[in-house]
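Participant: What follows is a structure written as structure tokens; I'll ask about it next.
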Amino acid sequence: MERIDKLLALQLSISRKEAAALVRQGAVTAGGRQVKNAAEKVDPATVCVRGASIHYTPFLYLLLDKPAGVLTAARDKRAKTVFDCIDPHLLRRGVQPVGRLDKDTTGLLLLTDNGALAHRLLSPKCHVEKRYLARLASMPPADTPARFAKGLVLDDGPCLPAGFSLRETGEHPLCEITLHEGRFHQVKRMCAAVGAPVLSLRRVGFGPLSLPDLPSPAACRRLSSEEISALENLESVRKI
Ligand code: URA
């Protein structure tokens, strides 16, 4: 059971005052009965506003299309962080980023208040697939896909086998890189190791989640219920 004003504020991304106003207007029911008091405790699964279910979810999952120039870190006095890109009402749920992207990297960053799932997704045992598009400073050598597939050796040890394919050739080729681990600056270090440094980097896939190749105009959205169950039911996550 949860307090109705708190529940509505979190689920609908509104303030507690706005939630209390909905209750006063008689717009809220729980278990088919009108809620009269903003402090009333209700069963979240039965709550409707103006007759429509609020589709209660015990956890919040956000997919942020991270812009460049933003830190994946807690609040920072000088630099903008991913928390500055998210509606403050949603932040009250205590969402945290699942992994990190470099300041200049754009693209898919999952945030959630489901700490247990985040922990499993980040576990080195889990090997969640991460897909990147990298614009390179020069053409990579022809044996790059084979070297990535074998497992490049970096200064902190061998990498797991990774995918590499060219999407566009030219002076600054575009390639798609698929990793199953998340080491510090890994894509940049792997590309530098084959002699083709990264000019810009965008993450477009994380497990079953994906973003368009180009930055999305709607920068932050909630995951759909299909995306949430795909994430929770990832074979590798279930095994941990
Ligand atoms: N690899 C990198 O080098 N940077 C990122 O932000 C993500 C993966």
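For the structure tokens, the naming scheme is as follows: chains receive sequential letters (A, B, ...) according to their order of presentation, residues are indexed from 1 within each chain, and ligands are indexed from 1 in presentation order.
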Run DSSP on the backbone and grab whatever in stretch 4-71 of chain A lands in alpha helix (DSSP H); send it over as a PyMOL selection string.
Facilitator: chain A and resi 4-12+16-24
Participant: Could the residues in this selection be written to a file with C-alpha atoms, as a compact mmCIF listing (two decimals), in the first residue's frame?
Facilitator:
# COMPACT_ATOMS: atom_id res chain seq x y z
CA ILE A 4 -1.86 8.23 -3.12
CA ASP A 5 -0.23 11.68 -3.53
CA LYS A 6 3.27 10.20 -3.50
CA LEU A 7 2.27 7.41 -5.86
CA LEU A 8 0.61 9.74 -8.38
CA ALA A 9 3.54 12.16 -8.27
CA LEU A 10 6.02 9.39 -9.07
CA GLN A 11 3.93 7.55 -11.65
CA LEU A 12 2.62 10.58 -13.52
CA ARG A 16 2.64 16.19 -4.92
CA LYS A 17 0.57 19.41 -4.96
CA GLU A 18 -0.75 18.54 -8.43
CA ALA A 19 -1.44 15.00 -7.25
CA ALA A 20 -3.39 16.30 -4.24
CA ALA A 21 -5.38 18.58 -6.58
CA LEU A 22 -6.40 15.55 -8.67
CA VAL A 23 -7.63 13.86 -5.49
CA ARG A 24 -9.59 16.99 -4.45
Participant: Which residues sit within 10 Å of ligand 1, counting only C-alpha atoms and all ligand atoms, listed as a ChimeraX atom specification?
Facilitator: /A:72,99-107,130-132,134,177,179,181-192,198,200-203
Participant: Give me a file of those residues, with N, CA, C and O atoms, as a tab-separated table (two decimals), in the first residue's frame.
Facilitator:
chain	number	residue	atom	x	y	z
A	72	THR	N	28.41	11.33	-17.34
A	72	THR	CA	27.59	10.27	-16.70
A	72	THR	C	28.07	10.21	-15.26
A	72	THR	O	28.92	9.40	-14.90
A	99	GLY	N	25.78	1.78	-16.04
A	99	GLY	CA	27.03	1.94	-16.78
A	99	GLY	C	27.26	3.41	-17.11
A	99	GLY	O	26.53	4.28	-16.62
A	100	ARG	N	28.29	3.66	-17.90
A	100	ARG	CA	28.56	5.06	-18.23
A	100	ARG	C	29.04	5.21	-19.67
A	100	ARG	O	29.54	4.27	-20.27
A	101	LEU	N	28.83	6.43	-20.18
A	101	LEU	CA	29.37	6.80	-21.48
A	101	LEU	C	30.31	7.97	-21.25
A	101	LEU	O	30.09	8.78	-20.35
A	102	ASP	N	31.35	8.06	-22.09
A	102	ASP	CA	32.28	9.18	-21.96
A	102	ASP	C	31.55	10.51	-22.19
A	102	ASP	O	30.50	10.54	-22.85
A	103	LYS	N	32.18	11.59	-21.73
A	103	LYS	CA	31.54	12.91	-21.87
A	103	LYS	C	31.19	13.21	-23.33
A	103	LYS	O	30.12	13.73	-23.64
A	104	ASP	N	32.09	12.88	-24.25
A	104	ASP	CA	31.84	13.22	-25.66
A	104	ASP	C	31.04	12.16	-26.40
A	104	ASP	O	30.69	12.35	-27.57
A	105	THR	N	30.74	11.04	-25.78
A	105	THR	CA	29.95	9.98	-26.44
A	105	THR	C	28.47	10.31	-26.33
A	105	THR	O	28.01	10.77	-25.28
A	106	THR	N	27.73	10.08	-27.42
A	106	THR	CA	26.28	10.30	-27.39
A	106	THR	C	25.58	8.94	-27.36
A	106	THR	O	26.20	7.91	-27.56
A	107	GLY	N	24.28	8.97	-27.14
A	107	GLY	CA	23.48	7.77	-27.37
A	107	GLY	C	22.91	7.12	-26.13
A	107	GLY	O	22.71	7.76	-25.10
A	130	LYS	N	26.57	-4.44	-26.44
A	130	LYS	CA	26.49	-2.99	-26.62
A	130	LYS	C	26.92	-2.67	-28.04
A	130	LYS	O	27.98	-3.12	-28.47
A	131	ARG	N	26.07	-1.91	-28.75
A	131	ARG	CA	26.34	-1.61	-30.15
A	131	ARG	C	26.68	-0.12	-30.31
A	131	ARG	O	25.96	0.73	-29.79
A	132	TYR	N	27.77	0.15	-31.01
A	132	TYR	CA	28.24	1.53	-31.18
A	132	TYR	C	28.41	1.86	-32.65
A	132	TYR	O	28.77	0.98	-33.45
A	134	ALA	N	30.90	4.33	-34.74
A	134	ALA	CA	32.09	5.17	-34.52
A	134	ALA	C	32.52	5.78	-35.85
A	134	ALA	O	32.64	5.07	-36.86
A	177	ILE	N	30.42	-1.25	-34.17
A	177	ILE	CA	31.24	-2.08	-33.28
A	177	ILE	C	30.33	-2.67	-32.21
A	177	ILE	O	29.50	-1.97	-31.63
A	179	LEU	N	30.29	-4.83	-28.67
A	179	LEU	CA	31.09	-5.34	-27.54
A	179	LEU	C	30.18	-6.13	-26.59
A	179	LEU	O	28.97	-5.90	-26.55
A	181	GLU	N	31.32	-6.38	-23.27
A	181	GLU	CA	31.90	-5.97	-21.99
A	181	GLU	C	31.95	-4.44	-22.01
A	181	GLU	O	31.61	-3.83	-23.02
A	182	GLY	N	32.37	-3.83	-20.92
A	182	GLY	CA	32.35	-2.37	-20.88
A	182	GLY	C	33.56	-1.84	-20.13
A	182	GLY	O	33.42	-1.41	-18.99
A	183	ARG	N	34.71	-1.91	-20.80
A	183	ARG	CA	35.92	-1.41	-20.13
A	183	ARG	C	36.13	0.06	-20.44
A	183	ARG	O	35.58	0.59	-21.41
A	184	PHE	N	36.95	0.70	-19.61
A	184	PHE	CA	37.22	2.13	-19.71
A	184	PHE	C	37.65	2.51	-21.14
A	184	PHE	O	38.59	1.93	-21.69
A	185	HIS	N	36.95	3.47	-21.75
A	185	HIS	CA	37.26	3.97	-23.10
A	185	HIS	C	37.48	2.82	-24.09
A	185	HIS	O	38.35	2.92	-24.97
A	186	GLN	N	36.74	1.74	-23.94
A	186	GLN	CA	37.09	0.53	-24.69
A	186	GLN	C	37.05	0.69	-26.20
A	186	GLN	O	37.99	0.28	-26.90
A	187	VAL	N	35.98	1.29	-26.73
A	187	VAL	CA	35.89	1.41	-28.20
A	187	VAL	C	37.03	2.30	-28.70
A	187	VAL	O	37.72	1.96	-29.68
A	188	LYS	N	37.26	3.40	-28.01
A	188	LYS	CA	38.31	4.33	-28.46
A	188	LYS	C	39.67	3.63	-28.42
A	188	LYS	O	40.49	3.78	-29.34
A	189	ARG	N	39.92	2.86	-27.37
A	189	ARG	CA	41.23	2.19	-27.27
A	189	ARG	C	41.36	1.08	-28.31
A	189	ARG	O	42.44	0.86	-28.86
A	190	MET	N	40.26	0.38	-28.61
A	190	MET	CA	40.34	-0.70	-29.61
A	190	MET	C	40.60	-0.11	-31.00
A	190	MET	O	41.40	-0.64	-31.77
A	191	CYS	N	39.91	0.98	-31.31
A	191	CYS	CA	40.11	1.59	-32.64
A	191	CYS	C	41.52	2.18	-32.74
A	191	CYS	O	42.18	2.05	-33.79
A	192	ALA	N	41.97	2.82	-31.67
A	192	ALA	CA	43.34	3.38	-31.69
A	192	ALA	C	44.34	2.24	-31.88
A	192	ALA	O	45.35	2.39	-32.59
A	198	VAL	N	39.08	7.13	-33.02
A	198	VAL	CA	37.67	7.52	-33.08
A	198	VAL	C	37.55	9.05	-33.09
A	198	VAL	O	38.16	9.73	-32.28
A	200	SER	N	34.17	10.41	-33.40
A	200	SER	CA	32.94	10.57	-32.60
A	200	SER	C	32.32	9.21	-32.40
A	200	SER	O	32.53	8.29	-33.21
A	201	LEU	N	31.58	9.10	-31.30
A	201	LEU	CA	31.07	7.79	-30.90
A	201	LEU	C	29.63	7.93	-30.42
A	201	LEU	O	29.30	8.86	-29.68
A	202	ARG	N	28.81	6.98	-30.87
A	202	ARG	CA	27.39	6.97	-30.46
A	202	ARG	C	26.98	5.55	-30.12
A	202	ARG	O	27.23	4.63	-30.90
A	203	ARG	N	26.38	5.34	-28.94
A	203	ARG	CA	25.87	4.00	-28.62
A	203	ARG	C	24.43	3.91	-29.13
A	203	ARG	O	23.60	4.76	-28.79
Participant: Could you pull the residues within 6 Å of stretch 43-48 of chain A, counting only C-alpha atoms, minus those fewer than 6 positions along the same chain, as a ChimeraX atom specification?
Facilitator: /A:1,28-31,54,56
Participant: Which polymer residues have any atom within 7 Å of an atom of A:Ala137, counting only C-alpha atoms, with same-chain residues fewer than 2 positions away left out, as a list of chain:residue names?
Facilitator: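 Surrounding residues, per the criterion: A:Arg135, A:His172, A:Ala196, A:Pro197, A:Val198, A:Leu199.
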Participant: Can you check which residues of stretch 83-113 of chain A DSSP gives as strand (DSSP E) on the backbone and send them as a PyMOL selection string?
Facilitator: chain A and resi 96-97+106-112
Participant: Select, from A:Leu71, A:Leu223, A:Leu166, A:Val128, the residue with the minimum atom-to-atom distance to A:Pro141, counting only C-alpha atoms.
Facilitator: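 Once distances to A:Pro141 are computed over only C-alpha atoms, the minimum belongs to A:Leu166.
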Participant: One decimal, Å: what's the distance from atom CA of A:Glu129 over to atom CA of A:Lys150, could you say?
Facilitator: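 Straight-line distance from atom CA of A:Glu129 to atom CA of A:Lys150 works out to 16.5 Å.
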Participant: Pick the closest to A:Leu111 from A:Ala27, A:Val82, A:Leu154, A:Leu62: which is it, counting only C-alpha atoms?
Facilitator: A:Leu62
